[in-house]
Structure formats: C-alpha cells, structure tokens
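A.B. asks: Handing you this structure, nothing more for now.
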Amino acid sequence: MQACSQHLEQCLQQRLSESHPRPLGLATGRTMEPLYGALVARLLRWPQAQLDHLRRHWLSFNLDDYVGLRAGDPSGYGAYMQKHLGQPLGLGPQALRLPEPDVADPVAAAQAYQQCLVAAGGVGLQLLGLGSNGHVGFNEPPCGPQMGCRVVQLSAATRAQNAGLFGGDPQRVPQAAITLGLKEILEATEIHLVVTGSSKAAILQKLLREGPSEQLPASWLRHHSRVWLWVDQAAMG
Ligand code: GLP
C-alpha cells in the first residue's frame with residue numbers, strides 16, 4: 001500500500017502542473033480502504049498552499065454505484081467516498097463524481113454519467129480493485145472490451161461479496177448498478193489494479209495464467225499498454 005500510495009501521490013503532484021489534467025478514475029471496496037488511508041496521510045503532509053491547490057483541482061469519477069439507493073445512503077459508494085477521501089481531504093461532492101443512485105431512469109443516468117466523463121476528457125489514472133469473479137467496476141462476466149458505461153444486473157456472487165456494507169445480508173444488496181465499462185477503463189492513460197488478501201488468490205492466479213476472455217473481465221486489461229498490478233503476499237498465495 002505504501003508503494004502504491006507513493007505512486008498515486010506523485011501522479012497527483014504531476015497533475016497539479018498540467019493545464020488540462022484528465023480526471024482520476026476511482027474505485028471503492030475493502031481493497032481501497034488502506035490505500036486511501038495511506039494516500040490521505042501522505043497528502044495531509046503537503047504544505048497548506050499545495051493542498052489547497054489540490055482541493056481546487058480535484059476531479060474524479062468513480063467506477064460504479066448501486067441503483068436504487070437513496071442519495072447519501074450509508075451503504076452507497078457516495079458515502080464511502082466521502083468517508084475515505086472527501087471528509088479527510090476536504091473535497092466536496094462536485095469534486096468526487098459518481099453515478100446517480102437514486103433516479104427514475106437509470107439508463108439515462110448511465111448515459112449522462114458517460115457524457116459527463118467524456119466532456120471532462122476521459123479518465124487519466126484509473127484505480128481498480130478485482131472482484132472475486134474477475135469483475136472490474138461492476139463489469140460482470142461475461143463481458144467484452146467494447147462494453148461502455150451502462151446499467152448492469154449484479155451476480156449472486158457479487159452481491160454476496162459486497163454484503164458487508166449491507167449488514168452482511170446479500171438480499172439487501174441492490175440487484176443492479178451503473179458501471180463504467182471496459183471501454184472507458186481501457187481508454188484511461190494508465191491503470192492500477194490492486195489485489196490484496198487471500199480471498200483473491202485464486203482469481204489472481206487465473207488472471208495471471210489465462211489470456212483475455214469474456215469470462216474474466218479483468219483479463220482485457222492485457223490490451224492496455226500501461227497497467228500496474230499491485231499485490232500483497234496473501235493474494236499471491
Ligand atoms: C466491487 C466493486 C469494485 C471493487 C471490487 C472489489 O464489487 N464494484 O469497484 O473494486 O468489487 O471489492 P473489494 O475490494 O471489496 O474486494
């Protein structure tokens with residue numbers, strides 16, 4: 001986490017010197033919690049003026065959020081982002097963009113989110129976690145590399161994996177989500193896939209051994225020329 005957060009810190013420093021930096025692409029999940037914690041600790045050591053500059057210029061687009069939760073629901077990813085980055089760094093909701101979870105027309109909301117990302121220049125640095133079924137964002141298998149931002153139905157495996165934020169009950173996890181697609185992810189300037197913990201060891205081995213396939217959405221990352229894989233001992237098995 002220290003090495004990865006150091007790289008992120010350097011990227012954020014670099015962005016401050018660019019006149020039109022592309023937005024950050026951010027992920028949620030348990031994997032990101034210690035990484036965001038380490039990054040926040042680094043950024044809060046910056047001189048005040050530089051930190052203020054960072055706050056003014058922060059623009060990030062999250063990968064995904066559930067459909068059907070009310071805005072601000074503590075189980076939603078908006079609340080997650082506020083808790084782990086927004087509040088500690090003093091970033092408002094306009095700086096941390098996510099798909100709208102509480103809308104009458106999720107298909108239109110997915111389209112609007114995609115258009116907003118395109119208007120902002122597309123993702124620069126993309127952070128990714130890995131689902132235990134090989135998903136990135138909420139791109140559930142089977143999924144090809146051309147799939148764009150859209151509404152998806154979540155698999156039973158994913159709802160079980162993510163039940164922690166819903167009192168441990170997979171039935172309370174929404175059945176659908178809005179996710180950026182592999183298309184937007186593969187258009188990022190650079191991609192950082194972070195895989196930690198023994199529960200990811202099996203899917204990581206599969207990812208390292210097998211070629212690209214729709215059954216393993218993360219495998220399409222092989223098509224990108226600037227991908228970093230950050231793993232811990234437990235995930236390596
Ligand atoms: C979730 C999220 C992803 C996340 C991944 C890993 O379902 N949609 O954005 O990166 O799966 O989650 P975790 O880090 O909790 O294992």
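Within each chain, counting starts at residue 1; across the structure tokens, chains are named A, B, ... in the order shown, with ligands numbered 1 upward in that order.
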So that each row is one residue of chain A with an atom at most 6 Å from ligand 1, can you give its shortest atom pair and the distance in Å to one decimal, using only C-alpha atoms and all ligand atoms, rows by chain and rising number, as a Markdown table?

C.D. replies:
| residue | atom | partner | partner_atom_place_in_ligand_line | distance |
| --- | --- | --- | --- | --- |
| A:Ala27 | CA | ligand 1 | 9 (O) | 4.8 |
| A:Thr28 | CA | ligand 1 | 9 (O) | 4.9 |
| A:Gly29 | CA | ligand 1 | 15 (O) | 3.5 |
| A:Arg30 | CA | ligand 1 | 15 (O) | 3.8 |
| A:Thr31 | CA | ligand 1 | 14 (O) | 3.7 |
| A:Leu128 | CA | ligand 1 | 10 (O) | 5.5 |
| A:Gly129 | CA | ligand 1 | 10 (O) | 3.3 |
| A:Leu130 | CA | ligand 1 | 6 (C) | 4.6 |
| A:Gly131 | CA | ligand 1 | 11 (O) | 4.3 |
| A:Val136 | CA | ligand 1 | 3 (C) | 5.9 |
| A:Gly137 | CA | ligand 1 | 9 (O) | 4.1 |
| A:Phe138 | CA | ligand 1 | 8 (N) | 4.6 |
| A:Thr158 | CA | ligand 1 | 7 (O) | 5.9 |

A.B. asks: Pick the closest to Thr196 of chain A from A:Ala112, A:Gly181, A:Ser75, A:Leu35: which is it, counting only C-alpha atoms?

C.D. replies: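 Among A:Ala112, A:Gly181, A:Ser75, A:Leu35, it is A:Leu35 that comes nearest to Thr196 of chain A.
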
A.B. asks: Just the number, please: distance in Å from atom CA of Cys143 of chain A to atom CA of Ala188 of chain A, one decimal.

C.D. replies: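 Taking atom CA of Cys143 of chain A as the start and atom CA of Ala188 of chain A as the end point, the length is 18.0 Å.
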
A.B. asks: With distances taken over only C-alpha atoms, which of A:Ala109, A:Met1, A:Val151, A:Leu39 is nearest to Ala177 of chain A?

C.D. replies: A:Val151

A.B. asks: I'd like to know which residues of segment 41-177 of chain A are helix (DSSP H, G or I) (by DSSP, run on the backbone); could you write them as a PDB file with N, CA, C and O atoms, in the first residue's frame?

C.D. replies:
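This is the output file out36.pdb:
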ATOM      1  N   ALA A  41      -2.881  10.180   4.370  1.00  0.00           N
ATOM      2  CA  ALA A  41      -1.794  10.514   5.314  1.00  0.00           C
ATOM      3  C   ALA A  41      -0.673  11.252   4.584  1.00  0.00           C
ATOM      4  O   ALA A  41      -0.119  12.232   5.093  1.00  0.00           O
ATOM      5  N   ARG A  42      -0.340  10.804   3.380  1.00  0.00           N
ATOM      6  CA  ARG A  42       0.707  11.474   2.600  1.00  0.00           C
ATOM      7  C   ARG A  42       0.279  12.890   2.212  1.00  0.00           C
ATOM      8  O   ARG A  42       1.049  13.838   2.334  1.00  0.00           O
ATOM      9  N   LEU A  43      -0.953  13.023   1.724  1.00  0.00           N
ATOM     10  CA  LEU A  43      -1.391  14.328   1.204  1.00  0.00           C
ATOM     11  C   LEU A  43      -1.528  15.359   2.324  1.00  0.00           C
ATOM     12  O   LEU A  43      -1.271  16.548   2.116  1.00  0.00           O
ATOM     13  N   GLN A  48       0.366  23.666   3.095  1.00  0.00           N
ATOM     14  CA  GLN A  48      -1.037  24.085   3.002  1.00  0.00           C
ATOM     15  C   GLN A  48      -1.421  24.609   1.610  1.00  0.00           C
ATOM     16  O   GLN A  48      -2.477  24.262   1.067  1.00  0.00           O
ATOM     17  N   ALA A  49      -0.553  25.423   1.019  1.00  0.00           N
ATOM     18  CA  ALA A  49      -0.896  26.025  -0.282  1.00  0.00           C
ATOM     19  C   ALA A  49      -1.036  24.951  -1.359  1.00  0.00           C
ATOM     20  O   ALA A  49      -1.928  25.015  -2.214  1.00  0.00           O
ATOM     21  N   GLN A  50      -0.166  23.959  -1.291  1.00  0.00           N
ATOM     22  CA  GLN A  50      -0.220  22.881  -2.295  1.00  0.00           C
ATOM     23  C   GLN A  50      -1.483  22.034  -2.098  1.00  0.00           C
ATOM     24  O   GLN A  50      -2.139  21.617  -3.067  1.00  0.00           O
ATOM     25  N   LEU A  51      -1.821  21.818  -0.835  1.00  0.00           N
ATOM     26  CA  LEU A  51      -3.025  21.037  -0.528  1.00  0.00           C
ATOM     27  C   LEU A  51      -4.281  21.791  -0.994  1.00  0.00           C
ATOM     28  O   LEU A  51      -5.213  21.205  -1.555  1.00  0.00           O
ATOM     29  N   ASP A  52      -4.292  23.091  -0.798  1.00  0.00           N
ATOM     30  CA  ASP A  52      -5.432  23.905  -1.270  1.00  0.00           C
ATOM     31  C   ASP A  52      -5.541  23.819  -2.786  1.00  0.00           C
ATOM     32  O   ASP A  52      -6.639  23.720  -3.329  1.00  0.00           O
ATOM     33  N   HIS A  53      -4.388  23.874  -3.448  1.00  0.00           N
ATOM     34  CA  HIS A  53      -4.354  23.757  -4.910  1.00  0.00           C
ATOM     35  C   HIS A  53      -4.947  22.411  -5.343  1.00  0.00           C
ATOM     36  O   HIS A  53      -5.777  22.331  -6.252  1.00  0.00           O
ATOM     37  N   LEU A  54      -4.532  21.353  -4.648  1.00  0.00           N
ATOM     38  CA  LEU A  54      -5.042  20.004  -4.942  1.00  0.00           C
ATOM     39  C   LEU A  54      -6.560  19.959  -4.789  1.00  0.00           C
ATOM     40  O   LEU A  54      -7.272  19.427  -5.647  1.00  0.00           O
ATOM     41  N   ARG A  55      -7.067  20.545  -3.707  1.00  0.00           N
ATOM     42  CA  ARG A  55      -8.516  20.546  -3.451  1.00  0.00           C
ATOM     43  C   ARG A  55      -9.265  21.254  -4.575  1.00  0.00           C
ATOM     44  O   ARG A  55     -10.285  20.783  -5.047  1.00  0.00           O
ATOM     45  N   ARG A  56      -8.728  22.413  -4.980  1.00  0.00           N
ATOM     46  CA  ARG A  56      -9.416  23.191  -6.028  1.00  0.00           C
ATOM     47  C   ARG A  56      -9.450  22.447  -7.352  1.00  0.00           C
ATOM     48  O   ARG A  56     -10.366  22.611  -8.131  1.00  0.00           O
ATOM     49  N   HIS A  57      -8.407  21.617  -7.607  1.00  0.00           N
ATOM     50  CA  HIS A  57      -8.300  20.974  -8.921  1.00  0.00           C
ATOM     51  C   HIS A  57      -8.740  19.521  -8.939  1.00  0.00           C
ATOM     52  O   HIS A  57      -8.645  18.862  -9.956  1.00  0.00           O
ATOM     53  N   TYR A  77     -21.856   4.102  -2.503  1.00  0.00           N
ATOM     54  CA  TYR A  77     -20.460   4.456  -2.731  1.00  0.00           C
ATOM     55  C   TYR A  77     -20.199   5.957  -2.569  1.00  0.00           C
ATOM     56  O   TYR A  77     -19.053   6.366  -2.342  1.00  0.00           O
ATOM     57  N   GLY A  78     -21.247   6.781  -2.671  1.00  0.00           N
ATOM     58  CA  GLY A  78     -21.074   8.211  -2.409  1.00  0.00           C
ATOM     59  C   GLY A  78     -20.644   8.414  -0.959  1.00  0.00           C
ATOM     60  O   GLY A  78     -19.716   9.186  -0.664  1.00  0.00           O
ATOM     61  N   ALA A  79     -21.317   7.700  -0.046  1.00  0.00           N
ATOM     62  CA  ALA A  79     -20.975   7.800   1.380  1.00  0.00           C
ATOM     63  C   ALA A  79     -19.574   7.243   1.614  1.00  0.00           C
ATOM     64  O   ALA A  79     -18.782   7.804   2.389  1.00  0.00           O
ATOM     65  N   TYR A  80     -19.250   6.157   0.928  1.00  0.00           N
ATOM     66  CA  TYR A  80     -17.911   5.553   1.038  1.00  0.00           C
ATOM     67  C   TYR A  80     -16.842   6.574   0.643  1.00  0.00           C
ATOM     68  O   TYR A  80     -15.841   6.752   1.349  1.00  0.00           O
ATOM     69  N   MET A  81     -17.057   7.245  -0.484  1.00  0.00           N
ATOM     70  CA  MET A  81     -16.044   8.194  -0.966  1.00  0.00           C
ATOM     71  C   MET A  81     -15.915   9.394  -0.036  1.00  0.00           C
ATOM     72  O   MET A  81     -14.817   9.900   0.194  1.00  0.00           O
ATOM     73  N   GLN A  82     -17.039   9.850   0.503  1.00  0.00           N
ATOM     74  CA  GLN A  82     -16.967  10.960   1.453  1.00  0.00           C
ATOM     75  C   GLN A  82     -16.181  10.549   2.691  1.00  0.00           C
ATOM     76  O   GLN A  82     -15.359  11.307   3.194  1.00  0.00           O
ATOM     77  N   LYS A  83     -16.454   9.319   3.163  1.00  0.00           N
ATOM     78  CA  LYS A  83     -15.786   8.853   4.385  1.00  0.00           C
ATOM     79  C   LYS A  83     -14.272   8.701   4.182  1.00  0.00           C
ATOM     80  O   LYS A  83     -13.484   9.126   5.022  1.00  0.00           O
ATOM     81  N   HIS A  84     -13.880   8.094   3.056  1.00  0.00           N
ATOM     82  CA  HIS A  84     -12.461   7.737   2.906  1.00  0.00           C
ATOM     83  C   HIS A  84     -11.606   8.815   2.239  1.00  0.00           C
ATOM     84  O   HIS A  84     -10.402   8.846   2.446  1.00  0.00           O
ATOM     85  N   LEU A  85     -12.217   9.673   1.409  1.00  0.00           N
ATOM     86  CA  LEU A  85     -11.426  10.726   0.761  1.00  0.00           C
ATOM     87  C   LEU A  85     -12.013  12.120   0.976  1.00  0.00           C
ATOM     88  O   LEU A  85     -11.291  13.065   1.268  1.00  0.00           O
ATOM     89  N   GLY A  86     -13.328  12.251   0.796  1.00  0.00           N
ATOM     90  CA  GLY A  86     -13.950  13.572   0.825  1.00  0.00           C
ATOM     91  C   GLY A  86     -13.746  14.290   2.143  1.00  0.00           C
ATOM     92  O   GLY A  86     -13.203  15.406   2.184  1.00  0.00           O
ATOM     93  N   GLN A  87     -14.159  13.643   3.231  1.00  0.00           N
ATOM     94  CA  GLN A  87     -14.041  14.307   4.540  1.00  0.00           C
ATOM     95  C   GLN A  87     -12.589  14.511   4.955  1.00  0.00           C
ATOM     96  O   GLN A  87     -12.200  15.633   5.294  1.00  0.00           O
ATOM     97  N   PRO A  88     -11.742  13.462   4.893  1.00  0.00           N
ATOM     98  CA  PRO A  88     -10.362  13.710   5.355  1.00  0.00           C
ATOM     99  C   PRO A  88      -9.614  14.744   4.529  1.00  0.00           C
ATOM    100  O   PRO A  88      -8.772  15.466   5.053  1.00  0.00           O
ATOM    101  N   LEU A  89      -9.933  14.847   3.232  1.00  0.00           N
ATOM    102  CA  LEU A  89      -9.183  15.797   2.398  1.00  0.00           C
ATOM    103  C   LEU A  89      -9.925  17.120   2.190  1.00  0.00           C
ATOM    104  O   LEU A  89      -9.382  18.048   1.607  1.00  0.00           O
ATOM    105  N   PRO A 106     -32.489   4.862 -14.637  1.00  0.00           N
ATOM    106  CA  PRO A 106     -31.057   4.552 -14.506  1.00  0.00           C
ATOM    107  C   PRO A 106     -30.328   4.494 -15.847  1.00  0.00           C
ATOM    108  O   PRO A 106     -29.137   4.831 -15.907  1.00  0.00           O
ATOM    109  N   VAL A 107     -31.027   4.090 -16.911  1.00  0.00           N
ATOM    110  CA  VAL A 107     -30.366   4.019 -18.229  1.00  0.00           C
ATOM    111  C   VAL A 107     -29.932   5.420 -18.651  1.00  0.00           C
ATOM    112  O   VAL A 107     -28.796   5.628 -19.105  1.00  0.00           O
ATOM    113  N   ALA A 108     -30.831   6.392 -18.465  1.00  0.00           N
ATOM    114  CA  ALA A 108     -30.489   7.781 -18.796  1.00  0.00           C
ATOM    115  C   ALA A 108     -29.384   8.285 -17.871  1.00  0.00           C
ATOM    116  O   ALA A 108     -28.498   9.035 -18.295  1.00  0.00           O
ATOM    117  N   ALA A 109     -29.404   7.856 -16.613  1.00  0.00           N
ATOM    118  CA  ALA A 109     -28.369   8.303 -15.661  1.00  0.00           C
ATOM    119  C   ALA A 109     -26.997   7.767 -16.073  1.00  0.00           C
ATOM    120  O   ALA A 109     -25.989   8.462 -15.964  1.00  0.00           O
ATOM    121  N   ALA A 110     -26.964   6.520 -16.573  1.00  0.00           N
ATOM    122  CA  ALA A 110     -25.691   5.937 -17.031  1.00  0.00           C
ATOM    123  C   ALA A 110     -25.167   6.720 -18.236  1.00  0.00           C
ATOM    124  O   ALA A 110     -23.973   7.026 -18.323  1.00  0.00           O
ATOM    125  N   GLN A 111     -26.088   7.057 -19.127  1.00  0.00           N
ATOM    126  CA  GLN A 111     -25.703   7.814 -20.330  1.00  0.00           C
ATOM    127  C   GLN A 111     -25.166   9.202 -19.945  1.00  0.00           C
ATOM    128  O   GLN A 111     -24.144   9.654 -20.462  1.00  0.00           O
ATOM    129  N   ALA A 112     -25.860   9.836 -19.007  1.00  0.00           N
ATOM    130  CA  ALA A 112     -25.451  11.179 -18.563  1.00  0.00           C
ATOM    131  C   ALA A 112     -24.073  11.118 -17.902  1.00  0.00           C
ATOM    132  O   ALA A 112     -23.224  11.992 -18.108  1.00  0.00           O
ATOM    133  N   TYR A 113     -23.839  10.061 -17.128  1.00  0.00           N
ATOM    134  CA  TYR A 113     -22.539   9.916 -16.435  1.00  0.00           C
ATOM    135  C   TYR A 113     -21.422   9.747 -17.461  1.00  0.00           C
ATOM    136  O   TYR A 113     -20.358  10.369 -17.354  1.00  0.00           O
ATOM    137  N   GLN A 114     -21.685   8.927 -18.468  1.00  0.00           N
ATOM    138  CA  GLN A 114     -20.679   8.704 -19.520  1.00  0.00           C
ATOM    139  C   GLN A 114     -20.367  10.010 -20.252  1.00  0.00           C
ATOM    140  O   GLN A 114     -19.202  10.337 -20.499  1.00  0.00           O
ATOM    141  N   GLN A 115     -21.449  10.771 -20.556  1.00  0.00           N
ATOM    142  CA  GLN A 115     -21.241  12.031 -21.291  1.00  0.00           C
ATOM    143  C   GLN A 115     -20.439  13.021 -20.454  1.00  0.00           C
ATOM    144  O   GLN A 115     -19.590  13.754 -20.959  1.00  0.00           O
ATOM    145  N   CYS A 116     -20.719  13.019 -19.172  1.00  0.00           N
ATOM    146  CA  CYS A 116     -20.011  13.916 -18.259  1.00  0.00           C
ATOM    147  C   CYS A 116     -18.516  13.565 -18.222  1.00  0.00           C
ATOM    148  O   CYS A 116     -17.650  14.449 -18.250  1.00  0.00           O
ATOM    149  N   LEU A 117     -18.222  12.274 -18.212  1.00  0.00           N
ATOM    150  CA  LEU A 117     -16.819  11.823 -18.213  1.00  0.00           C
ATOM    151  C   LEU A 117     -16.139  12.201 -19.531  1.00  0.00           C
ATOM    152  O   LEU A 117     -15.011  12.703 -19.536  1.00  0.00           O
ATOM    153  N   VAL A 118     -16.816  12.004 -20.632  1.00  0.00           N
ATOM    154  CA  VAL A 118     -16.241  12.351 -21.941  1.00  0.00           C
ATOM    155  C   VAL A 118     -15.968  13.853 -21.992  1.00  0.00           C
ATOM    156  O   VAL A 118     -14.886  14.293 -22.406  1.00  0.00           O
ATOM    157  N   ALA A 119     -16.936  14.652 -21.503  1.00  0.00           N
ATOM    158  CA  ALA A 119     -16.770  16.112 -21.526  1.00  0.00           C
ATOM    159  C   ALA A 119     -15.574  16.540 -20.674  1.00  0.00           C
ATOM    160  O   ALA A 119     -14.932  17.556 -20.948  1.00  0.00           O
ATOM    161  N   ALA A 156     -25.124 -13.185  -8.196  1.00  0.00           N
ATOM    162  CA  ALA A 156     -25.278 -13.609  -6.798  1.00  0.00           C
ATOM    163  C   ALA A 156     -23.921 -13.562  -6.094  1.00  0.00           C
ATOM    164  O   ALA A 156     -23.824 -13.164  -4.929  1.00  0.00           O
ATOM    165  N   ALA A 157     -22.859 -13.937  -6.822  1.00  0.00           N
ATOM    166  CA  ALA A 157     -21.512 -13.944  -6.214  1.00  0.00           C
ATOM    167  C   ALA A 157     -21.108 -12.535  -5.781  1.00  0.00           C
ATOM    168  O   ALA A 157     -20.568 -12.338  -4.686  1.00  0.00           O
ATOM    169  N   THR A 158     -21.383 -11.556  -6.630  1.00  0.00           N
ATOM    170  CA  THR A 158     -21.004 -10.172  -6.302  1.00  0.00           C
ATOM    171  C   THR A 158     -21.845  -9.635  -5.153  1.00  0.00           C
ATOM    172  O   THR A 158     -21.335  -8.947  -4.261  1.00  0.00           O
ATOM    173  N   ARG A 159     -23.142  -9.972  -5.153  1.00  0.00           N
ATOM    174  CA  ARG A 159     -23.983  -9.477  -4.054  1.00  0.00           C
ATOM    175  C   ARG A 159     -23.536 -10.095  -2.734  1.00  0.00           C
ATOM    176  O   ARG A 159     -23.558  -9.442  -1.696  1.00  0.00           O
ATOM    177  N   ALA A 160     -23.087 -11.353  -2.788  1.00  0.00           N
ATOM    178  CA  ALA A 160     -22.574 -11.985  -1.561  1.00  0.00           C
ATOM    179  C   ALA A 160     -21.246 -11.336  -1.148  1.00  0.00           C
ATOM    180  O   ALA A 160     -21.033 -11.024   0.025  1.00  0.00           O
ATOM    181  N   GLN A 161     -20.378 -11.086  -2.129  1.00  0.00           N
ATOM    182  CA  GLN A 161     -19.069 -10.480  -1.833  1.00  0.00           C
ATOM    183  C   GLN A 161     -19.231  -9.106  -1.185  1.00  0.00           C
ATOM    184  O   GLN A 161     -18.467  -8.720  -0.319  1.00  0.00           O
ATOM    185  N   ALA A 163     -21.869  -7.912   0.553  1.00  0.00           N
ATOM    186  CA  ALA A 163     -22.925  -7.818   1.572  1.00  0.00           C
ATOM    187  C   ALA A 163     -22.470  -7.074   2.827  1.00  0.00           C
ATOM    188  O   ALA A 163     -23.308  -6.582   3.595  1.00  0.00           O
ATOM    189  N   GLY A 164     -21.151  -6.971   3.014  1.00  0.00           N
ATOM    190  CA  GLY A 164     -20.624  -6.337   4.232  1.00  0.00           C
ATOM    191  C   GLY A 164     -21.198  -4.959   4.501  1.00  0.00           C
ATOM    192  O   GLY A 164     -21.490  -4.612   5.650  1.00  0.00           O
ATOM    193  N   LEU A 165     -21.383  -4.172   3.440  1.00  0.00           N
ATOM    194  CA  LEU A 165     -21.917  -2.815   3.622  1.00  0.00           C
ATOM    195  C   LEU A 165     -23.430  -2.818   3.829  1.00  0.00           C
ATOM    196  O   LEU A 165     -24.048  -1.776   3.994  1.00  0.00           O
ATOM    197  N   PHE A 166     -24.037  -4.002   3.759  1.00  0.00           N
ATOM    198  CA  PHE A 166     -25.497  -4.109   3.894  1.00  0.00           C
ATOM    199  C   PHE A 166     -25.841  -5.053   5.046  1.00  0.00           C
ATOM    200  O   PHE A 166     -26.711  -5.918   4.939  1.00  0.00           O
ATOM    201  N   PRO A 170     -26.837 -10.569   1.751  1.00  0.00           N
ATOM    202  CA  PRO A 170     -26.781 -10.390   0.287  1.00  0.00           C
ATOM    203  C   PRO A 170     -28.118  -9.952  -0.310  1.00  0.00           C
ATOM    204  O   PRO A 170     -28.146  -9.264  -1.335  1.00  0.00           O
ATOM    205  N   GLN A 171     -29.218 -10.320   0.342  1.00  0.00           N
ATOM    206  CA  GLN A 171     -30.540  -9.943  -0.178  1.00  0.00           C
ATOM    207  C   GLN A 171     -30.761  -8.427  -0.130  1.00  0.00           C
ATOM    208  O   GLN A 171     -31.582  -7.886  -0.858  1.00  0.00           O
ATOM    209  N   ARG A 172     -30.050  -7.760   0.776  1.00  0.00           N
ATOM    210  CA  ARG A 172     -30.210  -6.296   0.879  1.00  0.00           C
ATOM    211  C   ARG A 172     -29.331  -5.549  -0.121  1.00  0.00           C
ATOM    212  O   ARG A 172     -29.472  -4.342  -0.285  1.00  0.00           O
TER     213      ARG A 172
END

A.B. asks: In Å, how far is it from atom CA of Leu182 of chain A to atom CA of Val40 of chain A?

C.D. replies: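 These two atoms are separated by 27.7 Å.
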
A.B. asks: Would you kindly return, as a ChimeraX atom specification, each protein, DNA or RNA residue with an atom no farther than 7 Å from any atom of Tyr66 of chain A, considering only C-alpha atoms and excluding same-chain residues fewer than 2 positions away?

C.D. replies: /A:68-69,76,101,174,176-178

A.B. asks: Identify which of the residues A:Leu44, A:Ala218, A:Ala38, A:Leu26 lies closest to Gly90 of chain A, counting only C-alpha atoms when measuring atom-to-atom distances.

C.D. replies: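 Smallest separation from Gly90 of chain A among the options: A:Leu44.
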
A.B. asks: Quick one: DSSP strand (DSSP E) residues in segment 128-204 of chain A, as a PyMOL selection string?

C.D. replies: chain A and resi 128+150-153+176-179+190-195

A.B. asks: Those residues with N, CA, C and O atoms, as a PDB file, in the first residue's frame please?

C.D. replies:
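Output saved as again_36.pdb:
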ATOM      1  N   LEU A 128      -8.237   0.315  -9.888  1.00  0.00           N
ATOM      2  CA  LEU A 128      -9.200  -0.784  -9.966  1.00  0.00           C
ATOM      3  C   LEU A 128      -8.972  -1.782  -8.841  1.00  0.00           C
ATOM      4  O   LEU A 128      -7.821  -2.114  -8.527  1.00  0.00           O
ATOM      5  N   ARG A 150     -22.992   1.619 -18.462  1.00  0.00           N
ATOM      6  CA  ARG A 150     -24.347   1.091 -18.604  1.00  0.00           C
ATOM      7  C   ARG A 150     -24.905   0.605 -17.261  1.00  0.00           C
ATOM      8  O   ARG A 150     -24.160   0.524 -16.282  1.00  0.00           O
ATOM      9  N   VAL A 151     -26.181   0.208 -17.307  1.00  0.00           N
ATOM     10  CA  VAL A 151     -26.803  -0.427 -16.146  1.00  0.00           C
ATOM     11  C   VAL A 151     -26.532  -1.932 -16.252  1.00  0.00           C
ATOM     12  O   VAL A 151     -26.662  -2.508 -17.335  1.00  0.00           O
ATOM     13  N   VAL A 152     -26.116  -2.534 -15.143  1.00  0.00           N
ATOM     14  CA  VAL A 152     -25.859  -3.984 -15.149  1.00  0.00           C
ATOM     15  C   VAL A 152     -26.632  -4.656 -14.024  1.00  0.00           C
ATOM     16  O   VAL A 152     -26.927  -4.036 -13.000  1.00  0.00           O
ATOM     17  N   GLN A 153     -26.933  -5.935 -14.224  1.00  0.00           N
ATOM     18  CA  GLN A 153     -27.509  -6.762 -13.168  1.00  0.00           C
ATOM     19  C   GLN A 153     -26.351  -7.423 -12.427  1.00  0.00           C
ATOM     20  O   GLN A 153     -25.416  -7.921 -13.065  1.00  0.00           O
ATOM     21  N   ALA A 176     -29.038  -4.180  -9.104  1.00  0.00           N
ATOM     22  CA  ALA A 176     -28.481  -3.534 -10.302  1.00  0.00           C
ATOM     23  C   ALA A 176     -27.528  -2.415  -9.900  1.00  0.00           C
ATOM     24  O   ALA A 176     -27.548  -1.922  -8.762  1.00  0.00           O
ATOM     25  N   ALA A 177     -26.696  -2.035 -10.855  1.00  0.00           N
ATOM     26  CA  ALA A 177     -25.727  -0.955 -10.621  1.00  0.00           C
ATOM     27  C   ALA A 177     -25.468  -0.241 -11.943  1.00  0.00           C
ATOM     28  O   ALA A 177     -25.799  -0.755 -13.017  1.00  0.00           O
ATOM     29  N   ILE A 178     -24.889   0.953 -11.835  1.00  0.00           N
ATOM     30  CA  ILE A 178     -24.361   1.640 -13.019  1.00  0.00           C
ATOM     31  C   ILE A 178     -22.848   1.512 -12.941  1.00  0.00           C
ATOM     32  O   ILE A 178     -22.253   1.757 -11.881  1.00  0.00           O
ATOM     33  N   THR A 179     -22.236   1.096 -14.030  1.00  0.00           N
ATOM     34  CA  THR A 179     -20.776   0.959 -14.030  1.00  0.00           C
ATOM     35  C   THR A 179     -20.167   1.556 -15.293  1.00  0.00           C
ATOM     36  O   THR A 179     -20.770   1.493 -16.373  1.00  0.00           O
ATOM     37  N   GLU A 190      -3.450   5.469 -17.713  1.00  0.00           N
ATOM     38  CA  GLU A 190      -2.755   4.372 -17.028  1.00  0.00           C
ATOM     39  C   GLU A 190      -3.704   3.720 -16.044  1.00  0.00           C
ATOM     40  O   GLU A 190      -4.632   4.360 -15.535  1.00  0.00           O
ATOM     41  N   ILE A 191      -3.463   2.431 -15.808  1.00  0.00           N
ATOM     42  CA  ILE A 191      -4.384   1.641 -14.982  1.00  0.00           C
ATOM     43  C   ILE A 191      -3.611   0.977 -13.853  1.00  0.00           C
ATOM     44  O   ILE A 191      -2.534   0.420 -14.081  1.00  0.00           O
ATOM     45  N   HIS A 192      -4.169   1.038 -12.644  1.00  0.00           N
ATOM     46  CA  HIS A 192      -3.552   0.392 -11.485  1.00  0.00           C
ATOM     47  C   HIS A 192      -4.549  -0.594 -10.891  1.00  0.00           C
ATOM     48  O   HIS A 192      -5.578  -0.186 -10.356  1.00  0.00           O
ATOM     49  N   LEU A 193      -4.244  -1.872 -11.028  1.00  0.00           N
ATOM     50  CA  LEU A 193      -5.100  -2.920 -10.476  1.00  0.00           C
ATOM     51  C   LEU A 193      -4.507  -3.342  -9.139  1.00  0.00           C
ATOM     52  O   LEU A 193      -3.339  -3.749  -9.067  1.00  0.00           O
ATOM     53  N   VAL A 194      -5.319  -3.222  -8.093  1.00  0.00           N
ATOM     54  CA  VAL A 194      -4.842  -3.523  -6.737  1.00  0.00           C
ATOM     55  C   VAL A 194      -5.550  -4.785  -6.241  1.00  0.00           C
ATOM     56  O   VAL A 194      -6.788  -4.844  -6.231  1.00  0.00           O
ATOM     57  N   VAL A 195      -4.760  -5.784  -5.854  1.00  0.00           N
ATOM     58  CA  VAL A 195      -5.339  -7.071  -5.443  1.00  0.00           C
ATOM     59  C   VAL A 195      -4.699  -7.485  -4.120  1.00  0.00           C
ATOM     60  O   VAL A 195      -3.480  -7.692  -4.056  1.00  0.00           O
TER      61      VAL A 195
END

A.B. asks: Contacts of Cys11 of chain A at 12 Å or less, counting only C-alpha atoms, minus same-chain residues fewer than 2 places along, as a list in words?

C.D. replies: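 Residues meeting the cut-off are Cys4, Ser5, Gln6, His7, Leu8, Glu9, Gln13, Gln14, Arg15, Leu16, Ser17, Glu18, Pro21, Arg22, Pro23, Leu24, Leu39, Leu43, Leu54, Gly124, Leu125, Gln126, Thr189, Glu190 and His192 of chain A.
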
A.B. asks: With only C-alpha atoms as the basis for distance, which of A:Trp230, A:Phe61, A:Trp220, A:Trp46 is at the shortest distance from Gly134 of chain A?

C.D. replies: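 So, comparing all the options, the nearest one is A:Trp220.
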
A.B. asks: Could you please determine the separation between atom CA of Gly121 of chain A and atom CA of Leu98 of chain A in Å, to one decimal place?

C.D. replies: 15.8 Å

A.B. asks: Which residue is closest to Asp102 of chain A? Choose from A:Leu127, A:Asp65, A:Arg45, A:Leu221 and count only C-alpha atoms.

C.D. replies: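 Result for the nearest residue to Asp102 of chain A: A:Asp65.
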
A.B. asks: Compare A:Ser225, A:Glu140, A:Asn133, A:Val231 by their minimum atom-to-atom distance to Lys206 of chain A, counting only C-alpha atoms, and give me the closest one.

C.D. replies: A:Asn133
